[in-house]
Amino acid sequence: MYDATSPVPDEHTDAEVLVVWGNPRGQLTDSATRLTRLRWIQALAAGPDVILAAGFAPEVRVTSGRSLHDGPVAEHTLALALTAVRRLDLMHDAQRSGRWARELGGVQSARPSTFPGLGTLNGAEVTIWGFGSIGQRLAPLLTALGANVVGVATTPGTRAGVPVIAAEGLPARLAETDILIGILPATPATAHAISADVLTQLPAHAWVINVGRGATLDEDALDHALRSGTLAGAALDVFDREPLPDGSLLWTTPNLIITPHAAGGRPQGAEALIKKNLAAYLAGEPLLNLVER
Ligand code: OXD
């Protein structure tokens with residue numbers, strides 16, 4: 001065991017393998033220079049972007065915590081989607097101000113035009129952009145509640161029973177999307193993928209949920225769309241800068257739900273992954289979740 005928030009002690013700088021979980025940037029940069037015998041890093045995070053940016057030598061293999069966060073992130077994303085459609089945020093605001101929110105309750109139609117949200121996931125068109133293992137865990141939870149789910153990924157087809165389209169199909173799909181869920185990793189190719197242009201193609205009643213990485217969404221464009229009413233709402237768990245700085249515009253953006261990078265953070269089955277990969281490493285066999293560098 002080592003303290004991930006402090007430099008690796010001198011007596012362990014001969015480590016060949018490092019398991020990384022919650023290490024701050026500075027600790028990783030320091031490890032990249034001091035652990036000169038390192039050959040493999042096992043990340044427990046699903047997204048290894050911080051590790052890739054830390055400057056480890058090219059011969060250091062990196063394996064991610066892909067699949068360890070599928071359940072927790074899918075659960076949190078479902079919670080955000082339900083909050084968005086049922087407007088639990090507005091109900092909670094009303095409660096805090098000691099007000100019975102008559103406009104949000106009482107006799108309602110299934111898709112009330114007066115309700116400030118979709119009202120229900122039943123029949124909602126949900127697009128999941130970045131359809132990896134988390135998306136595949138999330139999709140059946142949404143379809144169980146009646147949503148129609150389409151995934152977007154590099155390779156189109158059908159995955160886990162869900163139709164998956166490639167980026168070329170996005171414009172047509174965005175026009176009919178009620179909820180766009182981003183689960184994209186942060187790579188040069190995905191920077192600001194959820195752009196001003198993408199937001200404009202969504203219907204004005206649509207919501208955007210981002211649980212991938214903050215760098216994949218243009219926050220200024222989102223703020224503008226929400227303030228101008230061309231988008232109904234958004235729920236973000238990840239941000240360009242974390243913690244979200246005090247002066248950020250997003251703290252005051254209307255119809256924006258903020259959660260503090262809370263979706264993941266609870267890896268499930270980490271010991272089993274480490275054990276399997278360590279056995280493979282010692283046997284010179286291929287490692288699971290190897291990240292292309
Ligand atoms: C992860 C995260 O990458 O929690 O695992 O963001």
# chains A, B, ... in the order shown; residues from 1 in each chain; ligands from 1
$ residues_near_ligand --ligand "ligand 1" --cutoff "8 Å" --atoms "only C-alpha atoms and all ligand atoms" --output "list of chain:residue names"
A:Leu44, A:Ala45, A:Ala46, A:Gly47, A:Pro48, A:Gly65, A:Arg66, A:Leu68, A:His69, A:Val73, A:Val211, A:Gly212, A:Arg213, A:Val238, A:His261, A:Ala262, A:Ala263, A:Gly264, A:Gly265, A:Arg266, A:Pro267
$ residues_around --residues "A:Arg37" --least-positions-apart "5" --cutoff "8 Å" --atoms "only C-alpha atoms" --output "number ranges by chain"
A: 13-16
$ write_last_selection --atoms "N, CA and C atoms" --output "PDB file, in the first residue's frame"
ATOM      1  N   THR A  13      10.964   3.384  -5.262  1.00  0.00           N
ATOM      2  CA  THR A  13      11.073   3.955  -6.610  1.00  0.00           C
ATOM      3  C   THR A  13      11.620   2.931  -7.608  1.00  0.00           C
ATOM      4  N   ASP A  14      11.949   1.708  -7.115  1.00  0.00           N
ATOM      5  CA  ASP A  14      12.367   0.649  -8.052  1.00  0.00           C
ATOM      6  C   ASP A  14      11.160  -0.177  -8.529  1.00  0.00           C
ATOM      7  N   ALA A  15       9.943   0.297  -8.225  1.00  0.00           N
ATOM      8  CA  ALA A  15       8.740  -0.476  -8.588  1.00  0.00           C
ATOM      9  C   ALA A  15       8.649  -0.649 -10.102  1.00  0.00           C
ATOM     10  N   GLU A  16       8.194  -1.843 -10.489  1.00  0.00           N
ATOM     11  CA  GLU A  16       8.028  -2.170 -11.905  1.00  0.00           C
ATOM     12  C   GLU A  16       6.569  -1.956 -12.312  1.00  0.00           C
TER      13      GLU A  16
END
$ select_by_dssp --residues "stretch 82-236 of chain A" --states "strand (DSSP E)" --output "CSV table (one decimal) with C-alpha atoms, in the first residue's frame"
chain,number,residue,atom,x,y,z
A,125,GLU,CA,-35.6,9.2,-27.4
A,126,VAL,CA,-32.3,8.8,-25.6
A,127,THR,CA,-29.0,9.0,-27.4
A,128,ILE,CA,-25.8,7.7,-25.6
A,129,TRP,CA,-22.7,9.2,-27.2
A,148,ASN,CA,-35.9,4.2,-26.9
A,149,VAL,CA,-32.1,4.1,-26.8
A,150,VAL,CA,-29.6,4.6,-29.6
A,151,GLY,CA,-25.8,4.5,-29.1
A,152,VAL,CA,-23.2,6.5,-31.0
A,157,GLY,CA,-23.9,-2.0,-35.5
A,158,THR,CA,-26.0,-3.5,-32.7
A,159,ARG,CA,-24.4,-3.9,-29.3
A,162,VAL,CA,-29.1,-1.5,-28.8
A,163,PRO,CA,-28.7,0.1,-32.3
A,164,VAL,CA,-25.4,1.9,-32.5
A,165,ILE,CA,-24.8,4.5,-35.2
A,179,ILE,CA,-32.0,13.3,-23.9
A,180,LEU,CA,-28.4,13.3,-25.1
A,181,ILE,CA,-26.0,11.4,-22.7
A,182,GLY,CA,-22.3,11.9,-23.1
A,207,TRP,CA,-31.6,17.8,-22.1
A,208,VAL,CA,-27.9,17.1,-22.1
A,209,ILE,CA,-26.3,14.8,-19.5
A,210,ASN,CA,-22.5,14.5,-19.4
A,233,GLY,CA,-31.7,21.7,-19.4
A,234,ALA,CA,-28.5,19.9,-18.6
A,235,ALA,CA,-27.0,17.7,-15.9
A,236,LEU,CA,-23.2,17.7,-15.6
$ residues_around --residues "A:Arg39" --least-positions-apart "2" --cutoff "12 Å" --atoms "only C-alpha atoms" --output "ChimeraX atom specification"
/A:14-19,32,35-37,41-42,56-63,281-282
$ residues_around --residues "stretch 87-99 of chain A" --least-positions-apart "2" --cutoff "12 Å" --atoms "only C-alpha atoms" --output "NGL selection string"
:A and (79-85 or 101-105 or 115-120 or 207 or 232-235 or 254-259)
$ write_last_selection --atoms "N, CA and C atoms" --output "short mmCIF file (atom, residue, chain, number, x, y, z; two decimals), in the first residue's frame"
data_model
loop_
_atom_site.label_atom_id
_atom_site.label_comp_id
_atom_site.auth_asym_id
_atom_site.auth_seq_id
_atom_site.Cartn_x
_atom_site.Cartn_y
_atom_site.Cartn_z
N ALA A 79 -30.03 8.30 -12.36
CA ALA A 79 -30.55 9.26 -11.36
C ALA A 79 -30.65 10.66 -11.98
N LEU A 80 -29.65 11.04 -12.77
CA LEU A 80 -29.69 12.37 -13.40
C LEU A 80 -30.82 12.44 -14.42
N ALA A 81 -31.00 11.36 -15.19
CA ALA A 81 -32.06 11.36 -16.21
C ALA A 81 -33.43 11.46 -15.55
N LEU A 82 -33.61 10.73 -14.44
CA LEU A 82 -34.90 10.78 -13.75
C LEU A 82 -35.11 12.15 -13.10
N THR A 83 -34.03 12.72 -12.56
CA THR A 83 -34.13 14.07 -11.98
C THR A 83 -34.55 15.06 -13.06
N ALA A 84 -33.95 14.89 -14.24
CA ALA A 84 -34.26 15.80 -15.35
C ALA A 84 -35.71 15.66 -15.80
N VAL A 85 -36.18 14.45 -15.98
CA VAL A 85 -37.55 14.32 -16.51
C VAL A 85 -38.61 14.65 -15.46
N ALA A 101 -45.07 23.07 -4.57
CA ALA A 101 -44.95 23.39 -6.00
C ALA A 101 -46.14 22.81 -6.77
N ARG A 102 -47.27 23.53 -6.69
CA ARG A 102 -48.52 23.11 -7.30
C ARG A 102 -48.35 22.79 -8.79
N GLU A 103 -47.49 23.60 -9.46
CA GLU A 103 -47.32 23.46 -10.91
C GLU A 103 -46.59 22.15 -11.29
N LEU A 104 -45.99 21.50 -10.29
CA LEU A 104 -45.22 20.27 -10.58
C LEU A 104 -45.95 19.01 -10.13
N GLY A 105 -47.09 19.15 -9.49
CA GLY A 105 -47.77 17.98 -8.96
C GLY A 105 -49.25 17.97 -9.32
N PHE A 115 -45.59 21.04 -17.90
CA PHE A 115 -44.52 20.58 -16.99
C PHE A 115 -43.17 21.02 -17.55
N PRO A 116 -42.30 21.58 -16.70
CA PRO A 116 -41.04 22.10 -17.24
C PRO A 116 -39.99 21.02 -17.48
N GLY A 117 -40.39 19.90 -18.01
CA GLY A 117 -39.47 18.80 -18.30
C GLY A 117 -40.21 17.80 -19.15
N LEU A 118 -39.55 16.69 -19.52
CA LEU A 118 -40.22 15.70 -20.36
C LEU A 118 -41.36 15.02 -19.62
N GLY A 119 -41.28 14.98 -18.30
CA GLY A 119 -42.34 14.36 -17.50
C GLY A 119 -42.11 12.89 -17.28
N THR A 120 -41.63 12.19 -18.33
CA THR A 120 -41.44 10.74 -18.22
C THR A 120 -40.33 10.28 -19.16
N TRP A 207 -32.60 17.67 -23.22
CA TRP A 207 -31.65 17.77 -22.10
C TRP A 207 -30.33 17.12 -22.50
N ALA A 232 -33.42 22.82 -23.14
CA ALA A 232 -34.25 22.89 -21.93
C ALA A 232 -33.45 22.75 -20.64
N GLY A 233 -32.45 21.87 -20.65
CA GLY A 233 -31.72 21.66 -19.41
C GLY A 233 -30.51 20.78 -19.60
N ALA A 234 -29.71 20.71 -18.55
CA ALA A 234 -28.52 19.86 -18.60
C ALA A 234 -28.18 19.39 -17.20
N ALA A 235 -27.52 18.25 -17.14
CA ALA A 235 -27.01 17.72 -15.87
C ALA A 235 -25.57 17.30 -16.12
N PRO A 254 -29.19 28.70 -15.71
CA PRO A 254 -30.53 28.17 -15.39
C PRO A 254 -30.70 26.73 -15.90
N ASN A 255 -31.52 25.98 -15.19
CA ASN A 255 -31.84 24.60 -15.59
C ASN A 255 -30.61 23.72 -15.76
N LEU A 256 -29.61 23.99 -14.95
CA LEU A 256 -28.41 23.15 -14.96
C LEU A 256 -28.28 22.46 -13.61
N ILE A 257 -28.15 21.14 -13.65
CA ILE A 257 -27.92 20.35 -12.43
C ILE A 257 -26.45 19.98 -12.40
N ILE A 258 -25.80 20.27 -11.28
CA ILE A 258 -24.37 19.98 -11.14
C ILE A 258 -24.16 18.91 -10.08
N THR A 259 -23.44 17.85 -10.43
CA THR A 259 -22.99 16.90 -9.40
C THR A 259 -21.45 16.88 -9.46
#
$ atom_distance --atom1 "atom CA of A:Ser67" --atom2 "atom CA of A:Ser133"
6.0 Å
$ closest_residue --among "A:Thr77, A:Thr200, A:Thr230, A:Thr154" --to "A:Pro171" --atoms "only C-alpha atoms"
A:Thr200
$ closest_residue --among "A:Leu273, A:Leu170, A:Ala189, A:Ala144" --to "A:Pro156" --atoms "only C-alpha atoms"
A:Leu170
$ atom_distance --atom1 "atom CA of A:Ala160" --atom2 "atom CA of A:Pro188"
27.5 Å
$ atom_distance --atom1 "atom CA of A:Pro24" --atom2 "atom CA of A:Val50"
8.6 Å
$ closest_residue --among "A:Asp70, A:Asn277, A:Arg25, A:Glu219" --to "A:Gln136" --atoms "only C-alpha atoms"
A:Asp70
$ decode --residues "stretch 263-281 of chain A" --atoms "N, CA, C and O atoms" --output "PDB file, in the first residue's frame"
ATOM      1  N   ALA A 263     -20.280  10.343 -10.188  1.00  0.00           N
ATOM      2  CA  ALA A 263     -20.863   9.152 -10.818  1.00  0.00           C
ATOM      3  C   ALA A 263     -20.008   7.911 -10.588  1.00  0.00           C
ATOM      4  O   ALA A 263     -20.511   6.850 -10.237  1.00  0.00           O
ATOM      5  N   GLY A 264     -18.692   8.065 -10.791  1.00  0.00           N
ATOM      6  CA  GLY A 264     -17.795   6.911 -10.620  1.00  0.00           C
ATOM      7  C   GLY A 264     -17.264   6.904  -9.195  1.00  0.00           C
ATOM      8  O   GLY A 264     -18.013   7.047  -8.236  1.00  0.00           O
ATOM      9  N   GLY A 265     -15.959   6.732  -9.092  1.00  0.00           N
ATOM     10  CA  GLY A 265     -15.330   6.830  -7.766  1.00  0.00           C
ATOM     11  C   GLY A 265     -15.528   5.620  -6.879  1.00  0.00           C
ATOM     12  O   GLY A 265     -15.059   5.601  -5.748  1.00  0.00           O
ATOM     13  N   ARG A 266     -16.243   4.609  -7.383  1.00  0.00           N
ATOM     14  CA  ARG A 266     -16.521   3.431  -6.539  1.00  0.00           C
ATOM     15  C   ARG A 266     -16.238   2.167  -7.343  1.00  0.00           C
ATOM     16  O   ARG A 266     -17.161   1.448  -7.719  1.00  0.00           O
ATOM     17  N   PRO A 267     -14.954   1.907  -7.667  1.00  0.00           N
ATOM     18  CA  PRO A 267     -14.661   0.760  -8.542  1.00  0.00           C
ATOM     19  C   PRO A 267     -15.180  -0.552  -7.962  1.00  0.00           C
ATOM     20  O   PRO A 267     -15.038  -0.794  -6.770  1.00  0.00           O
ATOM     21  N   GLN A 268     -15.764  -1.352  -8.822  1.00  0.00           N
ATOM     22  CA  GLN A 268     -16.315  -2.648  -8.409  1.00  0.00           C
ATOM     23  C   GLN A 268     -15.471  -3.755  -9.033  1.00  0.00           C
ATOM     24  O   GLN A 268     -15.387  -3.827 -10.261  1.00  0.00           O
ATOM     25  N   GLY A 269     -14.874  -4.573  -8.215  1.00  0.00           N
ATOM     26  CA  GLY A 269     -14.107  -5.718  -8.747  1.00  0.00           C
ATOM     27  C   GLY A 269     -12.663  -5.371  -9.078  1.00  0.00           C
ATOM     28  O   GLY A 269     -12.040  -6.025  -9.921  1.00  0.00           O
ATOM     29  N   ALA A 270     -12.110  -4.346  -8.413  1.00  0.00           N
ATOM     30  CA  ALA A 270     -10.735  -3.926  -8.710  1.00  0.00           C
ATOM     31  C   ALA A 270      -9.729  -5.033  -8.384  1.00  0.00           C
ATOM     32  O   ALA A 270      -8.793  -5.281  -9.146  1.00  0.00           O
ATOM     33  N   GLU A 271      -9.932  -5.707  -7.248  1.00  0.00           N
ATOM     34  CA  GLU A 271      -8.961  -6.738  -6.831  1.00  0.00           C
ATOM     35  C   GLU A 271      -8.856  -7.822  -7.897  1.00  0.00           C
ATOM     36  O   GLU A 271      -7.755  -8.263  -8.254  1.00  0.00           O
ATOM     37  N   ALA A 272     -10.023  -8.241  -8.420  1.00  0.00           N
ATOM     38  CA  ALA A 272     -10.029  -9.329  -9.409  1.00  0.00           C
ATOM     39  C   ALA A 272      -9.290  -8.886 -10.677  1.00  0.00           C
ATOM     40  O   ALA A 272      -8.523  -9.664 -11.265  1.00  0.00           O
ATOM     41  N   LEU A 273      -9.501  -7.627 -11.095  1.00  0.00           N
ATOM     42  CA  LEU A 273      -8.828  -7.133 -12.308  1.00  0.00           C
ATOM     43  C   LEU A 273      -7.309  -7.084 -12.092  1.00  0.00           C
ATOM     44  O   LEU A 273      -6.532  -7.518 -12.941  1.00  0.00           O
ATOM     45  N   ILE A 274      -6.900  -6.567 -10.926  1.00  0.00           N
ATOM     46  CA  ILE A 274      -5.461  -6.464 -10.643  1.00  0.00           C
ATOM     47  C   ILE A 274      -4.834  -7.862 -10.639  1.00  0.00           C
ATOM     48  O   ILE A 274      -3.779  -8.089 -11.240  1.00  0.00           O
ATOM     49  N   LYS A 275      -5.519  -8.797  -9.993  1.00  0.00           N
ATOM     50  CA  LYS A 275      -5.009 -10.170  -9.876  1.00  0.00           C
ATOM     51  C   LYS A 275      -4.832 -10.809 -11.259  1.00  0.00           C
ATOM     52  O   LYS A 275      -3.801 -11.386 -11.572  1.00  0.00           O
ATOM     53  N   LYS A 276      -5.880 -10.647 -12.102  1.00  0.00           N
ATOM     54  CA  LYS A 276      -5.857 -11.246 -13.447  1.00  0.00           C
ATOM     55  C   LYS A 276      -4.733 -10.638 -14.275  1.00  0.00           C
ATOM     56  O   LYS A 276      -3.974 -11.333 -14.933  1.00  0.00           O
ATOM     57  N   ASN A 277      -4.639  -9.293 -14.212  1.00  0.00           N
ATOM     58  CA  ASN A 277      -3.641  -8.624 -15.032  1.00  0.00           C
ATOM     59  C   ASN A 277      -2.225  -8.888 -14.525  1.00  0.00           C
ATOM     60  O   ASN A 277      -1.298  -8.985 -15.317  1.00  0.00           O
ATOM     61  N   LEU A 278      -2.077  -9.023 -13.209  1.00  0.00           N
ATOM     62  CA  LEU A 278      -0.743  -9.300 -12.660  1.00  0.00           C
ATOM     63  C   LEU A 278      -0.279 -10.687 -13.117  1.00  0.00           C
ATOM     64  O   LEU A 278       0.876 -10.869 -13.525  1.00  0.00           O
ATOM     65  N   ALA A 279      -1.226 -11.657 -13.094  1.00  0.00           N
ATOM     66  CA  ALA A 279      -0.879 -13.008 -13.558  1.00  0.00           C
ATOM     67  C   ALA A 279      -0.482 -12.953 -15.033  1.00  0.00           C
ATOM     68  O   ALA A 279       0.499 -13.578 -15.453  1.00  0.00           O
ATOM     69  N   ALA A 280      -1.233 -12.171 -15.832  1.00  0.00           N
ATOM     70  CA  ALA A 280      -0.932 -12.064 -17.270  1.00  0.00           C
ATOM     71  C   ALA A 280       0.420 -11.385 -17.473  1.00  0.00           C
ATOM     72  O   ALA A 280       1.227 -11.807 -18.307  1.00  0.00           O
ATOM     73  N   TYR A 281       0.689 -10.359 -16.664  1.00  0.00           N
ATOM     74  CA  TYR A 281       1.959  -9.621 -16.782  1.00  0.00           C
ATOM     75  C   TYR A 281       3.139 -10.554 -16.494  1.00  0.00           C
ATOM     76  O   TYR A 281       4.111 -10.603 -17.247  1.00  0.00           O
TER      77      TYR A 281
END
